[in-house]
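Trainee: Provided herewith is a single structure, encoded as structure tokens, for subsequent inquiry.
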Amino acid sequence: TAQEVNLMNGVTARPGDDQMVAADTFKKAGPWKIGMSHFGVNANTWTVQMAHEAESAAKKNSNVGQFILLDANLSQSKQVADIEDLIAQKVDAIIVTPVTPTSADAGIAKAVAAGIPVIVHTGLTETDKYTVDIQGGGKHFGKVMGDFLVQKLGGKGNIWVLRGYPAHPEDINRYAGLVEALKGTDIKIIAEDAGKWQYDTGKQVCEAFYLNNPEVDGIWSSGADMSRACMDVFTQYGAKIPPITGEGNNGFFGQWIESGIDSIAPEYGPEQGAAGVRAAVALLEGKPLHKRYVYEPAGWDIEKAKAAYRSDLSANTWFPSSLSEEELKSFYGNN
Amino acid sequence: MATLARPSLRALTRIPPSYVVFAVLLVTLWLLKPAMMNPNILATFAKQVAPLGIVVLGQLLVISTRSIDLSAGGVILLVNYLISSGFFGAWHPLLLVALCLGVGLLVGTVNGLLIGKRRASAVIVTLAVSIILMGFVEYLANGKPPGNVPMVFRNVYNARVLGVPAPLVFWFALSLGMSVLLAKTVFGRFVASIGSNPVSAHFAGVPVERTVVIAHVMAGFLAAVAGLVQTASIAVGSVRFGPELVMNSIAATILGGVIFGRGAGVWGPFFGVLSFALLFVVLTTLGVQEPGKLAVQGLIILLAAIFYGVRNSTH
Amino acid sequence: MFATLTDGLSTRYSRHGLWILPLAVGLVGIVGLAATADDFLSPQNLFNLAAQAAALLLVSIGQMLVVLVRGLDLSVGAMVSLTTAIVSLDASPWATIPGALAAAVLVGLVNGVTVVRLNVHPIIATLSMTGIIQGVTLFIRPVAGGTIPEIVTTLVRGEFLGLPMPVFWVVLAIALGWKLIHGSRFGLHLFAIGGGDTAHSFGIPDRRNTVLAFVACSVFAALAGLFLAGRIASGDPNIGTQYAVDSITAVALGGTQLAGGVGSLQGTVIGTVLLALLANGMNLLNLSAFVQTAVKGLILLAVISIQPRKSIGL
Amino acid sequence: MTAAPLVSMTAISKSYGSINALRDVSFELRPGTVHALMGENGAGKSTLMKILAGVTTPTAGEIHLKGAAVRFGSPREALDAGISTVFQELSLLPNLTIAENLFLGREPRKRLGGVDKATMERKARETLRQLDLDLDPKRLVGSLSIAERQFVEIGRGITADADVVILDEPTAALNAADVEILNRHILALKAAGKGIVYISHRMEEIFRVCDTVSVLKDGRNVSTVPLASVTPKQLIALMVGRELSELFPPRAERQDSQVVLSLDGVRLTESSEPVHLKLHRGEIVALAGLEGQGQRELIRSIIGQHHPFAGAVEVKGQRIDLPVSKNSGVRQLQSLGVGFVPEDRKDEGLFLDLSVAHNVAIGLHGRRSASSVAKGYRDTVAETIRSMAIKVASPESAVGSLSGGNQQKALFGRYLALGSDILLVEEPTRGVDVGAKAEMYRLIRDFANRGGAALVLSRETLELIGLCDRIYVVHDRTIVGEMPAAGATEHAILEAALHRAER
Ligand SMILES: Nc1ncnc2c1ncn2[C@@H]1O[C@H](COP(=O)(O)OP(=O)(O)OP(=O)(O)O)[C@@H](O)[C@H]1O
Ligand SMILES: Nc1ncnc2c1ncn2[C@@H]1O[C@H](COP(=O)(O)OP(=O)(O)OP(=O)(O)O)[C@@H](O)[C@H]1O
Ligand SMILES: [Mg+2]
Ligand SMILES: [Mg+2]
């Protein structure tokens with residue numbers, strides 16, 4: 001199309017899918033009331049930042065009169081209720097980040113039936129009734145890390161796998177990406193357990209793996225905090241850190257740069273929160289959008305990490321971000 | 001039946017189930033992986049549960065006075081936030097520690113006054129306080145998400161005292177302190193009396209309300225201490241704290257033979273906590289995954305509790 | 001002055017708990033919400049409220065049966081998850097629904113027998129049971145998904161007599177709860193068992209009734225699971241996580257004493273509605289997601305603090 | 001007396017672990033008779049009746065009911081077979097109403113299976129009227145006085161329409177007037193041809209209503225005789241195994257004139273008359289009168305467990321305005337040397353699962369600050385156990401493993417160890433056998449002789465007359481009379497109470 005709306009760097013129309021939301025379908029005069037059902041604002045520091053990115057993007061647009069952020073707190077039933085409450089308040093657009101692939105389906109259907117456009121991101125849904133969908137794809141994320149290990153190990157060796165929260169769709173998808181990357185290689189998973197994306201559980205698991213058998217060629221970690229924990233275990237025992245996967249997180253970048261180990265940081269930016277708001281704004285402004293977008297960028301190498309790394313910000317800053325310098329400083333500055 | 005009446009055997013039935021569980025797990029590990037029966041390795045795992053162990057010290061105290069404390073999760077989260085947010089970046093670490101301990105004392109006091117003086121339900125009061133604290137951290141984290149933990153905390157955490165990891169020494173020292181408090185002080189006598197019969201305690205001149213309040217204040221304080229240890233071990237701020245720690249603290253306490261209104265022993269729950277650590281190691285060594293881990297852990301606690309319960313009901 | 005008032009009320013409501021105070025708080029909340037949030041009294045929102053409260057109401061009524069006999073069931077949440085997992089299996093609803101209920105009966109039996117016969121503290125018994133059920137649930141449904149039989153989704157999402165289905169679930173739950181707790185010998189006997197150690201000498205089969213309370217509690221949790229499965233149209237191994245704590249909160253808010261023998265169905269209904277109102281009201285008032293949790297905690301604390309009991313404890 | 005036995009228990013034995021509660025006991029109950037069971041605490045009376053009532057099962061022996069062999073697995077089965085029991089330990093449920101308690105386990109039902117509340121309450125009202133109780137059947141039992149509860153318990157037992165009614169210490173919490181009412185009902189049951197088993201430690205009652213008595217000692221049946229053929233003295237000798245020289249110790253000859261405790265214008269309610277009362281050093285003073293006239297409230301006002309309308313108490317010259325704090329009143333008075341011995345030793349006095357040493361020493365601990373090191377008080381505890389002759393294997397034995405009399409002594413011992421010189425005693429001998437009673441009386445008198453002072457209340461007026469030096473008669477929440485105990489009679493006390501009431 002003539003003028004593509006740029007939702008976020010790295011977000012592109014899904015190849016081979018030409019469904020569009022026609023221009024002016026949801027056009028409305030401002031000020032708008034935009035609602036967002038977030039799957040869990042306080043699940044971890046990434047989810048907090050994603051909420052901030054959304055709020056910040058909404059604030060930047062003077063036509064957004066009110067931005068309502070509801071927190072499902074990782075509960076499916078709360079998410080169903082939250083979407084119902086947003087519809088009851090007659091918002092102009094609803095942004096949903098689903099708790100699970102089905103938790104938002106009924107709400108999405110209801111909202112769309114009520115004439116409210118629905119944008120879905122950060123999490124898959126089973127329904128396709130939504131208006132616009134932006135998917136990062138955990139599977140891609142896991143595969144980027146898997147491919148890195150396959151390449152580093154020359155297609156042969158033993159790895160550990162640190163997984164996220166059991167039964168969480170993101171964990172399942174990332175793991176599926178790993179499995180795909182390993183297909184046809186001689187890489188064996190010799191130890192695997194849930195570190196729940198947390199530093200302490202990750203460390204417990206990694207310590208148990210290490211003390212059981214420290215011989216390992218590579219580590220696939222489903223999240224940055226667990227990577228940091230596992231690196232600390234090796235450091236603690238004075239052992240060399242094998243190739244280990246990371247994530248676009250400032251704390252991890254610092255440790256990566258300092259130790260110079262072999263790693264890769266697949267990209268999954270909290271800026272998606274802003275992308276969702278930008279999509280809602282575009283719809284209300286009457287701009288045409290694709291129905292489906294994908295967000296599958298290449299992983300970051302250490303050079304890219306060095307460029308992004310901010311020693312003046314805290315370990316809990318995630319990249320890429322569209323927060324203003326001022327916001328970054330106030331949220332993450334080491335004062 | 002008749003043999004149970006023999007004093008030595010009767011005493012045996014009073015051994016907390018946690019001792020049995022611990023011994024069984026140790027033997028299992030020894031059979032599975034003799035190489036892991038190394039003091040250094042075991043100390044590493046024990047170190048992981050030091051925060052839980054410290055929470056348990058407070059928990060066993062309030063449970064002995066027929067109350068309960070579910071607020072530890074909130075206290076730990078707030079302590080973690082205070083240290084990692086950088087709000088008090090300019091403060092001397094000791095001052096920061098004092099602030100955190102003060103928060104623990106304050107939370108314990110609120111719990112204690114509402115439960116002891118106001119006689120509101122302990123479960124709901126401490127649950128609500130925990131929710132408030134978590135909400136407070138969420139609110140603060142909105143303005144400023146938590147960040148790095150000052151290096152000193154990590155250094156202290158990783159230090160060793162005579163070759164033993166510092167957190168372990170610290171936990172053991174606190175346990176010893178609690179054990180002395182309960183066994184050797186008037187306060188300990190008050191706790192035992194209230195646990196046995198609060199009405200009789202009142203008529204015997206035990207300051208019941210005050211004792212319950214103090215028990216809660218101490219539990220709040222210990223939760224803050226646990227928060228400090230936990231924060232030092234994670235070395236980074238977090239916005240969420242799972243409910244497992246509080247639930248495990250109750251389970252370890254009861255597994256240690258301290259049941260509402262009975263017990264006040266420290267070492268039973270101490271080994272209850274160690275059993276949790278050991279169980280994790282054994283299951284991970286066996287390659288048991290999360291679903292199996294949950295089920296097996298549940299089954300083992302249940303069997304231990306049943307074994308204990310049946311023994312106790314037959315005499 | 002306030003103390004004398006609550007003291008007087010405590011004596012007056014000593015059998016059924018101080019449900020009158022949370023009722024007052026709830027009414028004030030309703031009036032306040034109606035005045036400030038325009039959409040609060042819309043039928044749409046009231047139906048939402050019913051749907052949002054129904055599952056918790058079912059779990060809480062079950063929880064209350066156990067609490068009355070001095071028990072506590074922490075495994076209800078896991079039971080809710082397990083039910084959604086079972087009915088989302090790719091099999092006939094005529095197998096999965098009875099299967100889920102049978103699983104609930106089994107769980108309740110094990111809980112009850114462990115507590116009553118094997119002399120295990122209810123917190124420990126049901127906490128370990130939680131782990132076991134959670135493990136099994138993750139095994140049969142490692143990730144949220146699956147399909148829910150149409151009969152279930154219709155029963156939850158459909159309409160009947162022009163009213164959305166959740167309204168009927170609420171009415172049914174209350175009717176069932178009323179019959180069990182206040183309208184039967186079984187209920188009276190639960191109060192008796194919770195009231196002292198002597199119910200047995202009145203010729204009441206106290207152990208059997210306690211086991212039955214645990215069974216009923218699990219079955220109520222399974223019904224809630226069925227409802228939720230229909231509402232979210234999928235199985236989810238983690239959906240029940242909150243229900244153990246929430247149901248205990250609702251029960252205690254309604255004046256039921258966790259020490260047993262004191263409580264009422266109306267109290268439990270009020271406690272549940274209060275929790276649902278809190279979530280719904282804060283959403284309608286556009287309270288920031290970052291303060292909702294703290295406000296919820298503060299209100300809980302306030303409501304529980306106006307209900308002092310005779311003795312210190314759980 | 002020639003009728004076939006209603007119940008016959010033969011060669012019953014029961015052991016709890018190594019304890020032989022009953023050894024080869026036989027017992028027969030005939031219709032239309034009241035059969036007393038007597039014996040010291042722990043002799044096995046309750047155990048024998050619990051076996052008959054289906055609460056516990058015997059280790060050996062047989063039970064025949066109306067000639068047929070029976071074996072009860074639960075109280076329900078016994079009740080269905082026509083055996084109704086009023087248990088010794090109050091078993092009513094405080095959170096249920098009177099009506100529910102009366103009919104629990106055999107509730108009238110509605111067609112749909114629900115409880116027929118209306119019928120239940122109507123029948124309950126009838127029962128209460130029969131017992132001369134003016135109570136609303138919808139009231140919760142928890143709000144009743146102990147005596148009222150005891151009556152509801154009795155009501156439950158005697159309205160069950162059973163052939164056999166077992167009453168295990170039904171009068172432990174009743175005063176003389178209430179006992180009269182109960183006796184009437186027992187005689188009515190007897191006239192209706194039922195068999196009644198009556199357990200009591202009070203001699204007068206036994207002789208008034210019973211026909212036959214069986215004496216148990218150490219789990220054995222010592223003898224069964226018609227009451228007409230024995231004297232109280234002989235009966236005591238059978239129970240105790242020796243002659244009991246004198247139940248009450250001699251009164252002190254000389255009394256100190258120093259007032260150690262006085263109540264000054266205490267008004268229990270806004271409308272009640274003020275109470276003035278004095279307690280001298282070396283003196284034992286009684287609060288007597290009909291049950292529930294305010295004796296208990298007066299004593300409990302002193303330690304903050306009752307909230308009087310106005311007044312003051314003066315302890316050894318120190319004046320304290322009432323009401324004192326409910327929370328700290330006990331401690332405040334304890335620090336002034338005033339000990340309070342509650343009536344209900346199991347629920348309000350002792351820590352049953354803790355050691356005798358702990359139970360005795362806790363008062364001493366309570367005097368010190370919580371943070372101080374707990375002293376052992378070994379000598380004090382040993383001395384207390386010795387001087388009070390508490391029968392216990394070791395100071396570390398749980399107090400719950402002692403017999404009632406020894407438990408009562410341990411409770412007393414707490415205050416003696418504490419060095420209290422003023423005791424407020426409720427029911428010094430509730431549920432305690434004659435032997436232990438005599439010991440309690442001696443202990444209290446020794447305490448007074450050593451310079452202590454005691455204010456005592458009891459439902460057994462004879463006990464007050466025998467034990468005390470001076471008696472205050474309490475009626476309608478105030479003191480209506482005062483008399484020396486020497487020479488006082490039950491009649492005179494009743495007179496004083498009712499004379500005032502007529503005015
Ligand atoms: N539950 C029990 N467990 C163990 N021993 C028991 C139990 N109940 C009773 N006994 C034993 O049985 C003996 C008889 O007790 P029982 O209660 O029958 O005495 P009693 O004659 O009723 O005494 P009292 O006059 O005080 O009521 C006791 O001395 C005790 O040793
Ligand atoms: N659970 C028990 N275990 C062991 N012994 C018991 C138990 N319950 C009661 N007893 C025994 O029963 C005896 C007396 O019991 P009981 O309850 O009849 O008290 P009591 O002496 O009759 O006092 P009271 O007349 O006030 O009831 C005690 O000597 C005690 O050893
Ligand atoms: Mg007895
Ligand atoms: Mg007896």
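Residue names in the structure tokens use chain letters A, B, ... in the order shown, residue numbers from 1 in each chain, and ligand numbers from 1 in the order shown.
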So that I can see what lies close to Leu328 of chain A, please list as a compact mmCIF listing (two decimals) with C-alpha atoms, in the first residue's frame the residues with an atom at most 12 Å from it, counting only C-alpha atoms and leaving out residues fewer than 4 positions away in the same chain.

Mentor:
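See selection-v1.txt below for the written result:
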# COMPACT_ATOMS: atom_id res chain seq x y z
CA GLN A 49 7.86 -1.64 31.12
CA HIS A 52 4.72 2.02 30.63
CA GLU A 53 5.46 2.00 26.91
CA SER A 56 3.68 6.75 27.31
CA ARG A 310 23.34 2.00 29.21
CA ASP A 312 23.58 4.70 33.73
CA LEU A 313 20.32 2.71 33.75
CA SER A 314 19.28 -0.16 35.98
CA ASN A 316 15.72 -3.95 34.74
CA THR A 317 15.62 -1.87 31.56
CA TRP A 318 14.54 -3.79 28.45
CA PHE A 319 15.21 -3.12 24.78
CA PRO A 320 14.07 -1.92 22.37
CA SER A 321 12.10 0.81 24.01
CA SER A 322 10.34 3.94 22.78
CA LEU A 323 10.34 5.66 26.14
CA SER A 324 11.75 9.16 25.98
CA TYR A 332 15.59 3.47 35.49
CA GLY A 333 18.16 6.10 36.39
CA ASN A 334 20.52 5.13 39.19
CA GLY B 143 6.89 5.51 39.24
CA LYS B 144 10.19 3.74 39.40
CA PRO B 145 10.65 0.07 38.62

Trainee: At a cut-off of 8 Å, using only C-alpha atoms, what residues contact segment 270-280 of chain A? Leave out same-chain residues fewer than 5 positions from it and give the result as an NGL selection string.

Mentor: :A and (7-8 or 34 or 46-47 or 49-58 or 93-95 or 117-122 or 132 or 134 or 289 or 318-322)

Trainee: Hey, what's within 6 Å of segment 71-77 of chain D if we count only C-alpha atoms and toss same-chain stuff fewer than 4 positions away? As a list in words, please?

Mentor: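 Within the cut-off, the hits are Ser201 and Gly203 of chain C; Ala53, Gly54 and Val55 of chain D.
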
Trainee: Pick out the residues no farther than 9 Å from ligand 3, counting only C-alpha atoms and all ligand atoms, and list them as an mmCIF file with C-alpha atoms, in the first residue's frame.

Mentor:
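The result, stored in result.cif:
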data_model
loop_
_atom_site.group_PDB
_atom_site.id
_atom_site.type_symbol
_atom_site.label_atom_id
_atom_site.label_comp_id
_atom_site.auth_asym_id
_atom_site.auth_seq_id
_atom_site.Cartn_x
_atom_site.Cartn_y
_atom_site.Cartn_z
ATOM 1 C CA ASN D 41 -12.102 -39.691 91.328
ATOM 2 C CA GLY D 42 -10.811 -42.084 88.753
ATOM 3 C CA ALA D 43 -12.531 -45.089 90.289
ATOM 4 C CA GLY D 44 -14.087 -45.932 86.947
ATOM 5 C CA LYS D 45 -17.667 -44.709 87.292
ATOM 6 C CA SER D 46 -17.720 -42.634 84.132
ATOM 7 C CA THR D 47 -15.894 -45.321 82.210
ATOM 8 C CA GLN D 88 -20.243 -35.662 83.217
ATOM 9 C CA GLU D 89 -18.337 -33.246 81.047
ATOM 10 C CA ASP D 168 -23.116 -38.642 85.486
ATOM 11 C CA GLU D 169 -22.554 -35.947 88.100
ATOM 12 C CA SER D 403 -7.096 -37.100 88.643
ATOM 13 C CA GLY D 404 -9.525 -34.260 89.210
ATOM 14 C CA GLY D 431 -16.379 -32.674 90.799
ATOM 15 C CA VAL D 432 -13.882 -33.740 93.421
#

Trainee: Closest to chain D among B:Leu57, B:Ala166, B:Leu182, B:Ala277, using only C-alpha atoms?

Mentor: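 Ranked by minimum distance to chain D, first place goes to B:Leu182.
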
Trainee: Which residues come within 8 Å of segment 369-383 of chain D, counting only C-alpha atoms, excluding same-chain residues fewer than 2 positions away, as a list in words?

Mentor: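 Listed by chain and then number, they are Lys184, Thr185, Val186, Phe187, Arg189 and Phe190 of chain B; Ala357, Val360, Ala361, His365, Gly366, Arg367, Ile385, Arg386, Ser387, Pro395 and Ala417 of chain D.
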
Trainee: Write out the residues from the selection above, keeping all heavy atoms, as a compact mmCIF listing (two decimals), in the first residue's frame.

Mentor:
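Listing of out11.txt after writing:
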# COMPACT_ATOMS: atom_id res chain seq x y z
N LYS B 184 14.25 -20.76 77.07
CA LYS B 184 14.91 -20.25 78.27
C LYS B 184 14.35 -18.94 78.82
O LYS B 184 14.82 -18.48 79.85
CB LYS B 184 16.41 -20.04 78.00
CG LYS B 184 17.14 -21.28 77.56
CD LYS B 184 17.41 -22.20 78.73
CE LYS B 184 18.11 -23.46 78.27
NZ LYS B 184 17.64 -24.65 78.96
N THR B 185 13.42 -18.33 78.12
CA THR B 185 12.96 -17.04 78.65
C THR B 185 11.52 -17.11 79.12
O THR B 185 10.78 -18.05 78.79
CB THR B 185 13.03 -15.93 77.58
OG1 THR B 185 12.08 -16.24 76.57
CG2 THR B 185 14.42 -15.82 76.97
N VAL B 186 11.15 -16.12 79.88
CA VAL B 186 9.78 -16.01 80.34
C VAL B 186 8.84 -15.90 79.14
O VAL B 186 7.76 -16.49 79.12
CB VAL B 186 9.65 -14.79 81.27
CG1 VAL B 186 8.19 -14.48 81.55
CG2 VAL B 186 10.40 -15.05 82.56
N PHE B 187 9.29 -15.16 78.13
CA PHE B 187 8.47 -15.03 76.92
C PHE B 187 8.13 -16.41 76.35
O PHE B 187 6.99 -16.68 75.96
CB PHE B 187 9.23 -14.21 75.88
CG PHE B 187 8.51 -14.05 74.58
CD1 PHE B 187 7.43 -13.20 74.48
CD2 PHE B 187 8.90 -14.75 73.45
CE1 PHE B 187 6.75 -13.04 73.28
CE2 PHE B 187 8.22 -14.60 72.25
CZ PHE B 187 7.16 -13.76 72.17
N ARG B 189 7.83 -19.15 77.96
CA ARG B 189 6.81 -19.76 78.81
C ARG B 189 5.43 -19.20 78.49
O ARG B 189 4.44 -19.91 78.47
CB ARG B 189 7.13 -19.50 80.29
CG ARG B 189 8.43 -20.07 80.76
CD ARG B 189 8.38 -21.60 80.78
NE ARG B 189 9.44 -22.18 81.59
CZ ARG B 189 10.68 -22.39 81.18
NH1 ARG B 189 11.02 -22.06 79.94
NH2 ARG B 189 11.57 -22.92 81.98
N PHE B 190 5.40 -17.91 78.22
CA PHE B 190 4.12 -17.29 77.85
C PHE B 190 3.59 -17.90 76.56
O PHE B 190 2.41 -18.24 76.45
CB PHE B 190 4.30 -15.77 77.66
CG PHE B 190 4.53 -15.01 78.94
CD1 PHE B 190 4.93 -13.68 78.92
CD2 PHE B 190 4.35 -15.62 80.18
CE1 PHE B 190 5.13 -12.96 80.09
CE2 PHE B 190 4.56 -14.92 81.36
CZ PHE B 190 4.96 -13.59 81.31
N ALA D 357 4.93 -28.90 86.54
CA ALA D 357 5.88 -27.85 86.88
C ALA D 357 5.51 -26.55 86.17
O ALA D 357 5.48 -25.48 86.78
CB ALA D 357 7.29 -28.28 86.49
N VAL D 360 2.40 -24.95 87.70
CA VAL D 360 2.60 -24.34 89.00
C VAL D 360 3.43 -23.06 88.87
O VAL D 360 3.13 -22.04 89.48
CB VAL D 360 3.29 -25.34 89.96
CG1 VAL D 360 3.72 -24.64 91.25
CG2 VAL D 360 2.33 -26.48 90.29
N ALA D 361 4.46 -23.14 88.02
CA ALA D 361 5.41 -22.03 87.98
C ALA D 361 4.96 -20.86 87.11
O ALA D 361 5.53 -19.78 87.20
CB ALA D 361 6.77 -22.53 87.47
N HIS D 365 6.42 -16.96 86.71
CA HIS D 365 6.96 -16.38 85.48
C HIS D 365 6.23 -15.10 85.14
O HIS D 365 6.83 -14.12 84.72
CB HIS D 365 6.79 -17.36 84.31
CG HIS D 365 7.66 -18.58 84.42
ND1 HIS D 365 9.01 -18.50 84.62
CD2 HIS D 365 7.35 -19.89 84.36
CE1 HIS D 365 9.50 -19.73 84.68
NE2 HIS D 365 8.53 -20.59 84.54
N GLY D 366 4.91 -15.14 85.33
CA GLY D 366 4.09 -14.00 84.93
C GLY D 366 4.44 -12.72 85.66
O GLY D 366 4.14 -11.63 85.20
N ARG D 367 5.11 -12.86 86.81
CA ARG D 367 5.48 -11.68 87.58
C ARG D 367 6.68 -10.97 86.98
O ARG D 367 6.97 -9.83 87.33
CB ARG D 367 5.85 -12.12 89.00
CG ARG D 367 4.72 -11.99 89.97
CD ARG D 367 5.21 -11.89 91.37
NE ARG D 367 6.39 -12.67 91.64
CZ ARG D 367 6.59 -13.36 92.77
NH1 ARG D 367 5.66 -13.34 93.69
NH2 ARG D 367 7.68 -14.02 92.97
N ILE D 385 4.51 -29.44 95.35
CA ILE D 385 3.99 -30.79 95.15
C ILE D 385 4.02 -31.57 96.46
O ILE D 385 3.07 -32.27 96.82
CB ILE D 385 4.81 -31.53 94.07
CG1 ILE D 385 4.55 -30.89 92.70
CG2 ILE D 385 4.46 -33.01 94.03
CD1 ILE D 385 5.37 -31.47 91.58
N ARG D 386 5.10 -31.39 97.20
CA ARG D 386 5.24 -32.12 98.45
C ARG D 386 4.23 -31.63 99.48
O ARG D 386 3.45 -32.39 100.04
CB ARG D 386 6.66 -31.95 98.98
CG ARG D 386 7.06 -32.97 100.05
CD ARG D 386 8.28 -32.52 100.81
NE ARG D 386 8.13 -31.17 101.36
CZ ARG D 386 7.39 -30.86 102.42
NH1 ARG D 386 6.72 -31.80 103.04
NH2 ARG D 386 7.30 -29.61 102.84
N SER D 387 4.21 -30.30 99.69
CA SER D 387 3.39 -29.79 100.78
C SER D 387 1.91 -29.99 100.49
O SER D 387 1.10 -30.12 101.41
CB SER D 387 3.69 -28.31 101.03
OG SER D 387 3.17 -27.55 99.97
N PRO D 395 7.42 -34.05 88.27
CA PRO D 395 6.92 -32.69 87.98
C PRO D 395 6.75 -32.46 86.49
O PRO D 395 6.06 -31.54 86.08
CB PRO D 395 8.01 -31.78 88.55
CG PRO D 395 8.81 -32.62 89.47
CD PRO D 395 8.69 -34.02 89.00
N ALA D 417 2.51 -21.09 95.42
CA ALA D 417 3.89 -20.92 94.99
C ALA D 417 4.17 -19.44 94.72
O ALA D 417 5.26 -18.94 94.96
CB ALA D 417 4.16 -21.74 93.73

Trainee: Extract, using only C-alpha atoms, all DNA, RNA and protein residues at most 9 Å from Ile257 of chain A, discarding same-chain residues fewer than 5 positions from it, and format them as a list in words.

Mentor: Phe252, Ile302, Ala305, Lys306 and Tyr309 of chain A

Trainee: How would the residues just chosen look if you wrote them out with N, CA, C and O atoms as a short mmCIF file (atom, residue, chain, number, x, y, z; two decimals), in the first residue's frame?

Mentor:
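Now in result10.cif:
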data_model
loop_
_atom_site.label_atom_id
_atom_site.label_comp_id
_atom_site.auth_asym_id
_atom_site.auth_seq_id
_atom_site.Cartn_x
_atom_site.Cartn_y
_atom_site.Cartn_z
N PHE A 252 21.59 -7.97 31.69
CA PHE A 252 22.28 -9.05 30.98
C PHE A 252 23.36 -8.48 30.06
O PHE A 252 24.47 -9.01 29.99
N ILE A 302 26.87 -9.11 20.17
CA ILE A 302 27.44 -8.31 21.25
C ILE A 302 27.68 -6.85 20.82
O ILE A 302 27.59 -5.94 21.63
N ALA A 305 24.53 -5.07 21.22
CA ALA A 305 24.29 -4.92 22.65
C ALA A 305 25.12 -3.79 23.23
O ALA A 305 24.65 -2.99 24.03
N LYS A 306 26.39 -3.72 22.79
CA LYS A 306 27.26 -2.66 23.31
C LYS A 306 26.70 -1.29 22.96
O LYS A 306 26.74 -0.35 23.76
N TYR A 309 23.63 -0.74 25.26
CA TYR A 309 23.85 -0.82 26.72
C TYR A 309 23.96 0.56 27.36
O TYR A 309 24.62 1.45 26.82
#

Trainee: Using only C-alpha atoms, determine which residues of chain D fall within 8 Å of chain C; present them as a ChimeraX atom specification.

Mentor: /D:55,74-77,79,91-96,104-105,107,113-115,140

Trainee: Using only C-alpha atoms, which chain C residues lie at most 6 Å away from chain A, written as a list of chain:residue names?

Mentor: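 Per the criterion, chain C yields C:Pro142, C:Val143, C:Ile232, C:Ala289.
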
Trainee: Would you output that residue set with N, CA and C atoms, as a compact mmCIF listing (two decimals), in the first residue's frame?

Mentor:
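Once written, result-v2.txt looks like this:
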# COMPACT_ATOMS: atom_id res chain seq x y z
N PRO C 142 -0.73 -29.56 29.57
CA PRO C 142 0.49 -28.79 29.85
C PRO C 142 0.34 -27.31 29.52
N VAL C 143 -0.58 -26.96 28.65
CA VAL C 143 -0.73 -25.56 28.29
C VAL C 143 -2.22 -25.28 28.08
N ILE C 232 -14.36 -19.31 29.62
CA ILE C 232 -13.17 -19.00 28.83
C ILE C 232 -13.02 -19.95 27.65
N ALA C 289 -4.38 0.71 37.37
CA ALA C 289 -4.02 -0.68 37.63
C ALA C 289 -2.95 -0.77 38.71

Trainee: Using only C-alpha atoms, which residues of chain B come within 6 Å of chain A, and what is the closest atom pair for each, with the distance in Å to one decimal? Give it as CSV, sorted by chain and residue number.

Mentor:
residue,atom,partner,partner_atom,distance
B:Gly86,CA,A:Asn335,CA,5.8
B:Gly89,CA,A:Asn335,CA,5.9
B:Lys144,CA,A:Phe331,CA,4.5
B:Gly147,CA,A:Ser314,CA,4.8
B:Asn148,CA,A:Ala315,CA,5.8
B:Ile234,CA,A:Asp200,CA,5.8
B:Val239,CA,A:Asn44,CA,5.7
B:Gln289,CA,A:Asp193,CA,5.9

Trainee: Restrict the selected residues to C-alpha atoms and save them as a compact mmCIF listing (two decimals), in the first residue's frame.

Mentor:
# COMPACT_ATOMS: atom_id res chain seq x y z
CA GLY B 86 17.65 3.29 44.03
CA GLY B 89 20.83 5.31 46.60
CA LYS B 144 10.19 3.74 39.40
CA GLY B 147 16.68 -1.89 39.66
CA ASN B 148 20.05 -3.06 40.89
CA ILE B 234 18.86 -12.33 43.76
CA VAL B 239 7.95 -6.81 41.19
CA GLN B 289 9.97 -32.18 35.69
